[in-house]
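Each remark here refers to the structure printed beneath this line.
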Amino acid sequence: SVPIRCFILYILTGMKDAQEETSVVLQVIILSTQIFDGVGAGVFGTMYILVTSDISAGTGRFSLTLGLTTAAMSIGGTVSGYLGQALAQDHGYQNAFMVIGMLSCVPALGYLIFMPETLNGGKTASMSVIQEHDEGDVKEKPQPPAFV
């Protein structure tokens, strides 16, 4: 959501700079782009745990992997905030949104290229292949009593 939000803010700050007096409607629209931040955080919060689980599957190092990726995200958030503020102060908000938006495309493209879920055109193993692979580990689970 960061590249989309930066693109929208880039356009809106250009409109704001072109006007002599900023309208309240434009200010509300600019502020409402925070909705993308909330939606992105909600999706990311869920997907982050799942991707970390996929990366560390079978290693017994889920907590270590989660800690390392959390540290990397914290460092990235700190650097992004500092870089965005420095760019905005020295070159203006519009240029800051453009640079941060382009930088945020790097991990999105990396995820698209390197994650197994996005390889092979989005095709994943069929359930029969997964079942055949796990067949030796499958134990019959007792069924709970049915209430009629």
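Residues are referred to by chain and number: the chain letter is A, B, ... according to the order shown in the structure tokens, the number counts from 1 in that chain, and ligands are numbered separately from 1 in the order shown.
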Quick check for you: according to DSSP on this backbone, which residues of range 14-139 of chain A are classed as helix (DSSP H, G or I)? Reply as a ChimeraX atom specification. /A:14-18,24-32,34-55,62-91,93-114,116-118,120-122,127-137
For CA of Gly110 in chain A and CA of Leu31 in chain A, quote the distance in Å rounded to one decimal. 29.3 Å
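Across the model, the gap from CA of Phe7 in chain A to CA of Ala72 in chain A is 24.6 Å.
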For range 55-67 of chain A, list every protein, DNA or RNA residue within 12 Å, evaluated using only C-alpha atoms, and leave out those in the same chain fewer than 5 positions away; present the list as a count of residues only. 10
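One distance worth recording is that between CA of Gly45 in chain A and CA of Ile113 in chain A, which is 20.8 Å.
For the set A:Tyr111, A:Met98, A:Gln89, A:Val2, the residue with the smallest atom-to-atom gap to Ile35 in chain A is A:Val2, counting only C-alpha atoms.
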